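For reference, protein-v9.json is printed below; it contains JSON, C-alpha atoms.
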```
[["chain", "number", "residue", "atom", "x", "y", "z"],
["A", 914, "MET", "CA", 0.00, 0.00, 0.00],
["A", 915, "ARG", "CA", 1.04, 3.60, -0.62],
["A", 916, "ARG", "CA", 0.40, 6.05, 2.19],
["A", 917, "VAL", "CA", -0.77, 9.52, 1.13],
["A", 918, "VAL", "CA", -1.56, 12.54, 3.27],
["A", 919, "PHE", "CA", -3.95, 15.21, 1.95],
["A", 920, "LEU", "CA", -3.17, 18.65, 3.36],
["A", 921, "ARG", "CA", -5.36, 21.67, 2.78],
["A", 922, "HIS", "CA", -3.59, 25.02, 2.55],
["A", 923, "GLY", "CA", -3.65, 27.40, 5.51],
["A", 924, "SER", "CA", -6.05, 30.30, 5.98],
["A", 925, "HIS", "CA", -6.07, 33.47, 3.88],
["A", 926, "ASP", "CA", -7.91, 36.76, 4.27],
["A", 927, "ARG", "CA", -10.53, 36.02, 1.59],
["A", 928, "LEU", "CA", -11.49, 32.66, 3.10],
["A", 929, "GLY", "CA", -15.24, 32.36, 3.61],
["A", 930, "HIS", "CA", -15.95, 35.63, 1.77],
["A", 931, "ILE", "CA", -14.66, 35.29, -1.80],
["A", 932, "LEU", "CA", -14.76, 32.33, -4.18],
["A", 933, "CYS", "CA", -11.09, 32.56, -5.07],
["A", 934, "GLY", "CA", -10.65, 29.50, -7.24],
["A", 935, "ARG", "CA", -7.58, 30.13, -9.37],
["A", 936, "MET", "CA", -7.51, 33.91, -9.08],
["A", 937, "PRO", "CA", -3.91, 35.16, -8.76],
["A", 938, "GLY", "CA", -2.39, 36.71, -5.67],
["A", 939, "VAL", "CA", -4.22, 34.74, -2.99],
["A", 940, "SER", "CA", -1.57, 34.29, -0.29],
["A", 941, "LEU", "CA", -1.70, 32.96, 3.23],
["A", 942, "SER", "CA", -2.63, 35.34, 6.00],
["A", 943, "GLU", "CA", -0.46, 35.70, 9.10],
["A", 944, "SER", "CA", -2.58, 33.06, 10.82],
["A", 945, "GLY", "CA", -2.31, 30.85, 7.72],
["A", 946, "HIS", "CA", 1.48, 30.96, 7.87],
["A", 947, "ALA", "CA", 1.32, 30.07, 11.57],
["A", 948, "GLU", "CA", -1.00, 27.13, 10.76],
["A", 949, "ALA", "CA", 1.43, 25.91, 8.12],
["A", 950, "ARG", "CA", 4.34, 26.01, 10.56],
["A", 951, "VAL", "CA", 2.38, 24.02, 13.16],
["A", 952, "LEU", "CA", 1.38, 21.49, 10.49],
["A", 953, "ALA", "CA", 5.02, 21.18, 9.45],
["A", 954, "ASP", "CA", 6.12, 20.55, 13.04],
["A", 955, "ILE", "CA", 3.47, 17.84, 13.54],
["A", 956, "LEU", "CA", 4.34, 16.07, 10.29],
["A", 957, "ALA", "CA", 8.06, 16.26, 11.06],
["A", 958, "GLN", "CA", 7.33, 14.32, 14.28],
["A", 959, "ARG", "CA", 4.96, 11.90, 12.56],
["A", 960, "PHE", "CA", 7.42, 11.04, 9.79],
["A", 961, "ALA", "CA", 10.65, 11.23, 11.80],
["A", 962, "GLY", "CA", 13.10, 8.70, 10.39],
["A", 963, "GLU", "CA", 10.98, 8.12, 7.27],
["A", 964, "GLY", "CA", 13.27, 8.49, 4.26],
["A", 965, "GLY", "CA", 12.26, 9.41, 0.73],
["A", 966, "LEU", "CA", 9.11, 11.39, 1.50],
["A", 967, "ARG", "CA", 7.65, 13.30, -1.45],
["A", 968, "LEU", "CA", 5.91, 16.67, -1.25],
["A", 969, "LEU", "CA", 3.46, 17.53, -4.03],
["A", 970, "SER", "CA", 1.57, 20.82, -4.29],
["A", 971, "SER", "CA", -1.12, 22.56, -6.29],
["A", 972, "PRO", "CA", 0.30, 25.46, -8.33],
["A", 973, "GLN", "CA", -1.68, 28.12, -6.42],
["A", 974, "ALA", "CA", 0.26, 30.56, -4.21],
["A", 975, "ARG", "CA", -1.54, 29.59, -1.00],
["A", 976, "THR", "CA", -0.73, 25.90, -1.45],
["A", 977, "ARG", "CA", 2.87, 26.59, -2.47],
["A", 978, "GLU", "CA", 3.33, 28.75, 0.64],
["A", 979, "THR", "CA", 1.89, 26.00, 2.84],
["A", 980, "ALA", "CA", 4.15, 23.46, 1.11],
["A", 981, "ALA", "CA", 7.16, 25.76, 1.63],
["A", 982, "ALA", "CA", 6.77, 25.50, 5.41],
["A", 983, "LEU", "CA", 6.72, 21.72, 5.10],
["A", 984, "ALA", "CA", 9.68, 21.70, 2.73],
["A", 985, "ASP", "CA", 11.76, 23.82, 5.10],
["A", 986, "ARG", "CA", 10.91, 21.73, 8.16],
["A", 987, "LEU", "CA", 11.20, 18.31, 6.52],
["A", 988, "GLY", "CA", 14.03, 19.07, 4.10],
["A", 989, "LEU", "CA", 12.00, 18.23, 1.00],
["A", 990, "ALA", "CA", 11.72, 19.60, -2.52],
["A", 991, "ILE", "CA", 8.27, 20.75, -3.70],
["A", 992, "GLU", "CA", 6.87, 19.10, -6.82],
["A", 993, "ILE", "CA", 4.13, 21.17, -8.49],
["A", 994, "MET", "CA", 1.24, 19.01, -9.71],
["A", 995, "PRO", "CA", -1.60, 20.50, -11.82],
["A", 996, "GLU", "CA", -3.77, 17.54, -10.77],
["A", 997, "LEU", "CA", -3.94, 19.06, -7.27],
["A", 998, "ASP", "CA", -5.12, 22.47, -8.49],
["A", 999, "GLU", "CA", -8.25, 24.18, -7.22],
["A", 1000, "ILE", "CA", -11.48, 23.88, -9.19],
["A", 1001, "ALA", "CA", -11.61, 26.22, -12.19],
["A", 1002, "PHE", "CA", -14.72, 28.22, -11.27],
["A", 1003, "GLY", "CA", -15.00, 30.09, -14.57],
["A", 1004, "GLU", "CA", -17.26, 33.14, -14.39],
["A", 1005, "TRP", "CA", -17.65, 32.78, -10.62],
["A", 1006, "THR", "CA", -13.94, 33.28, -9.90],
["A", 1007, "GLY", "CA", -13.37, 36.22, -7.57],
["A", 1008, "ARG", "CA", -17.05, 36.78, -6.75],
["A", 1009, "SER", "CA", -18.22, 37.10, -3.16],
["A", 1010, "PHE", "CA", -20.41, 34.41, -1.63],
["A", 1011, "SER", "CA", -23.01, 37.04, -0.78],
["A", 1012, "GLU", "CA", -23.14, 38.05, -4.44],
["A", 1013, "LEU", "CA", -23.57, 34.42, -5.53],
["A", 1014, "ALA", "CA", -26.31, 33.69, -2.99],
["A", 1015, "GLY", "CA", -29.65, 33.23, -4.73],
["A", 1016, "ASP", "CA", -28.15, 32.65, -8.18],
["A", 1017, "PRO", "CA", -30.03, 29.56, -9.49],
["A", 1018, "ALA", "CA", -26.85, 28.16, -11.08],
["A", 1019, "TRP", "CA", -25.00, 28.54, -7.76],
["A", 1020, "ASP", "CA", -27.82, 26.82, -5.89],
["A", 1021, "THR", "CA", -27.77, 23.96, -8.41],
["A", 1022, "TRP", "CA", -23.99, 23.62, -8.08],
["A", 1023, "ASN", "CA", -24.24, 23.27, -4.32],
["A", 1024, "ALA", "CA", -27.16, 20.83, -4.47],
["A", 1025, "THR", "CA", -25.95, 18.53, -7.27],
["A", 1026, "ARG", "CA", -22.17, 18.50, -7.42],
["A", 1027, "ALA", "CA", -22.17, 15.19, -9.28],
["A", 1028, "SER", "CA", -23.79, 16.75, -12.35],
["A", 1029, "ALA", "CA", -23.55, 20.57, -12.15],
["A", 1030, "ARG", "CA", -20.81, 22.79, -13.56],
["A", 1031, "PRO", "CA", -19.81, 26.40, -12.86],
["A", 1032, "PRO", "CA", -20.42, 28.61, -15.92],
["A", 1033, "GLY", "CA", -17.27, 28.40, -18.02],
["A", 1034, "GLY", "CA", -15.63, 26.24, -15.38],
["A", 1035, "GLU", "CA", -14.81, 22.70, -14.37],
["A", 1036, "SER", "CA", -17.16, 20.06, -13.00],
["A", 1037, "MET", "CA", -16.48, 18.29, -9.73],
["A", 1038, "GLY", "CA", -16.34, 15.05, -11.69],
["A", 1039, "GLU", "CA", -13.49, 16.43, -13.78],
["A", 1040, "VAL", "CA", -11.69, 17.46, -10.59],
["A", 1041, "GLN", "CA", -12.15, 13.97, -9.17],
["A", 1042, "ALA", "CA", -10.90, 12.39, -12.41],
["A", 1043, "ARG", "CA", -7.70, 14.43, -12.56],
["A", 1044, "ILE", "CA", -6.77, 13.92, -8.92],
["A", 1045, "GLY", "CA", -7.75, 10.26, -9.31],
["A", 1046, "ARG", "CA", -5.23, 9.85, -12.12],
["A", 1047, "LEU", "CA", -2.50, 11.13, -9.80],
["A", 1048, "LEU", "CA", -3.58, 8.76, -7.03],
["A", 1049, "ASP", "CA", -3.62, 5.86, -9.48],
["A", 1050, "ARG", "CA", -0.01, 6.61, -10.48],
["A", 1051, "LEU", "CA", 1.07, 6.80, -6.84],
["A", 1052, "ALA", "CA", -0.75, 3.56, -6.02],
["A", 1053, "ARG", "CA", 1.15, 1.71, -8.74],
["A", 1054, "GLU", "CA", 4.52, 2.86, -7.40],
["A", 1055, "GLU", "CA", 6.25, 1.29, -4.43],
["A", 1056, "GLY", "CA", 7.54, 3.97, -2.15],
["A", 1057, "PRO", "CA", 7.42, 6.05, 1.03],
["A", 1058, "PRO", "CA", 4.51, 8.32, 2.01],
["A", 1059, "VAL", "CA", 3.49, 11.25, -0.19],
["A", 1060, "LEU", "CA", 2.27, 14.61, 1.12],
["A", 1061, "LEU", "CA", -0.32, 16.27, -1.16],
["A", 1062, "VAL", "CA", -1.02, 19.99, -0.58],
["A", 1063, "SER", "CA", -4.29, 20.96, -2.22],
["A", 1064, "HIS", "CA", -7.67, 22.66, -1.69],
["A", 1065, "GLY", "CA", -10.88, 21.78, 0.12],
["A", 1066, "ASP", "CA", -13.03, 20.61, -2.77],
["A", 1067, "PRO", "CA", -10.35, 18.62, -4.64],
["A", 1068, "ILE", "CA", -9.50, 16.84, -1.37],
["A", 1069, "ARG", "CA", -13.19, 16.13, -0.78],
["A", 1070, "ALA", "CA", -13.50, 14.77, -4.32],
["A", 1071, "ALA", "CA", -10.54, 12.44, -3.77],
["A", 1072, "LEU", "CA", -11.83, 11.19, -0.43],
["A", 1073, "LEU", "CA", -15.37, 10.64, -1.73],
["A", 1074, "GLY", "CA", -13.90, 8.60, -4.58],
["A", 1075, "LEU", "CA", -11.97, 6.41, -2.15],
["A", 1076, "LEU", "CA", -15.09, 5.96, -0.02],
["A", 1077, "GLY", "CA", -17.27, 5.11, -3.01],
["A", 1078, "LEU", "CA", -19.67, 7.98, -2.30],
["A", 1079, "SER", "CA", -21.41, 10.32, -4.72],
["A", 1080, "LEU", "CA", -19.98, 13.79, -5.26],
["A", 1081, "ASP", "CA", -23.38, 15.08, -4.11],
["A", 1082, "ALA", "CA", -22.20, 14.11, -0.61],
["A", 1083, "TYR", "CA", -19.36, 16.66, -0.72],
["A", 1084, "ASP", "CA", -20.74, 18.69, 2.19],
["A", 1085, "ARG", "CA", -20.79, 15.64, 4.49],
["A", 1086, "ILE", "CA", -16.99, 15.83, 4.69],
["A", 1087, "VAL", "CA", -15.23, 18.71, 6.46],
["A", 1088, "VAL", "CA", -11.79, 19.63, 5.12],
["A", 1089, "ALA", "CA", -10.71, 22.63, 7.16],
["A", 1090, "PRO", "CA", -7.76, 24.94, 6.41],
["A", 1091, "ALA", "CA", -4.43, 23.38, 7.41],
["A", 1092, "SER", "CA", -6.14, 20.05, 8.06],
["A", 1093, "CYS", "CA", -4.66, 16.62, 7.46],
["A", 1094, "SER", "CA", -6.49, 13.60, 6.02],
["A", 1095, "GLU", "CA", -4.74, 10.32, 5.35],
["A", 1096, "ALA", "CA", -5.38, 7.42, 2.99],
["A", 1097, "GLU", "CA", -3.75, 4.17, 1.95],
["A", 1098, "LEU", "CA", -3.74, 3.32, -1.74],
["A", 1099, "TRP", "CA", -3.30, 0.16, -3.75],
["A", 1100, "PRO", "CA", -3.77, -0.48, -7.47],
["A", 1101, "GLY", "CA", -7.47, -0.16, -8.16],
["A", 1102, "GLY", "CA", -8.51, 1.11, -4.75],
["A", 1103, "GLY", "CA", -7.73, 2.53, -1.38],
["A", 1104, "ARG", "CA", -9.14, 3.43, 2.03],
["A", 1105, "VAL", "CA", -9.44, 6.53, 4.21],
["A", 1106, "VAL", "CA", -7.44, 6.23, 7.43],
["A", 1107, "SER", "CA", -8.08, 9.63, 9.03],
["A", 1108, "LEU", "CA", -10.10, 12.71, 8.18],
["A", 1109, "ASN", "CA", -9.76, 16.44, 8.91],
["A", 1110, "GLU", "CA", -7.15, 16.28, 11.68],
["A", 1111, "ARG", "CA", -6.51, 19.77, 13.05],
["A", 1112, "PHE", "CA", -3.52, 20.92, 15.08],
["A", 1113, "THR", "CA", -2.87, 24.00, 17.21],
["A", 1114, "GLY", "CA", 0.39, 25.50, 18.32]]
```

Kindly transcribe the structure held in the file into structure tokens.
Amino acid sequence: MRRVVFLRHGSHDRLGHILCGRMPGVSLSESGHAEARVLADILAQRFAGEGGLRLLSSPQARTRETAAALADRLGLAIEIMPELDEIAFGEWTGRSFSELAGDPAWDTWNATRASARPPGGESMGEVQARIGRLLDRLAREEGPPVLLVSHGDPIRAALLGLLGLSLDAYDRIVVAPASCSEAELWPGGGRVVSLNERFTG
């Protein structure tokens, strides 16, 4: 089995207010940097003596900054993986949640993630497929644990796939900022070992 750890990026100032998606310039807040350092310390203890760890990150600034704290603490190089990127939200990118509230397309997206799509954007199924391809590659390789720094919805999509649940169940899984969820993979399958672990300094 291949052990993988899903890590959501730390907090940023737009969190909970703006649908950032892939908009540029979204960096960790001061508290987000602190969360990343705590996460790095915990993982350094958890994987002490474990050689050959890999650290993979979404290309977004907030994930790369979170990964940088891990890289510094664990002595790892960061590998950028497009498969871990945030959902492409199309026309919704950069809009506030209050602005989106009441939009029929937004309501449909949140009620039927398995079939809906943001206007001009990417479906949750496409997100699950791309991250699934990465997990399939990792499952086929023998090797040490892999740390995957990504975003809330892509992590949810990956975990729902491993659990065999519909994407419509996305809101039954909490993936908080700077949280840690772990899985074990094998060719053709896998299992969730832990979900949404949070750590404080």

Out of A:Glu978, A:Phe1010, A:Met914, A:Leu983, which residue has the shortest atom-to-atom distance to A:Leu928 when counting only C-alpha atoms?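 The answer is A:Phe1010, which sits nearest to A:Leu928.
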
Please provide as a PyMOL selection string all residues within 7 Å of A:Arg986, with the sequence filter that same-chain residues fewer than 3 positions apart are discarded (counting only C-alpha atoms). chain A and resi 953-954+957+982-983

Could you give me, as a PyMOL selection string, the residues within 9 Å of A:Arg1043, counting all atoms listed in the file and dropping anything in the same chain fewer than 5 positions from it? chain A and resi 995-997+1038+1048

Between A:His1064, A:Arg1104, A:Arg950, A:Arg1053, which one has atoms that come closest to A:Ser970, using all atoms listed in the file?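 Answer, going by the shortest atom-to-atom distance: A:His1064.
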
Would you work out the distance separating atom CA of A:Gln958 from atom CA of A:Gly1045, expressed in Å to one decimal?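 So the answer is 28.3 Å.
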
Taking into account only C-alpha atoms, which residue in the set A:Thr1113, A:Gln1041, A:Ser1107, A:Ser1063 is nearest to A:Tyr1083? A:Gln1041
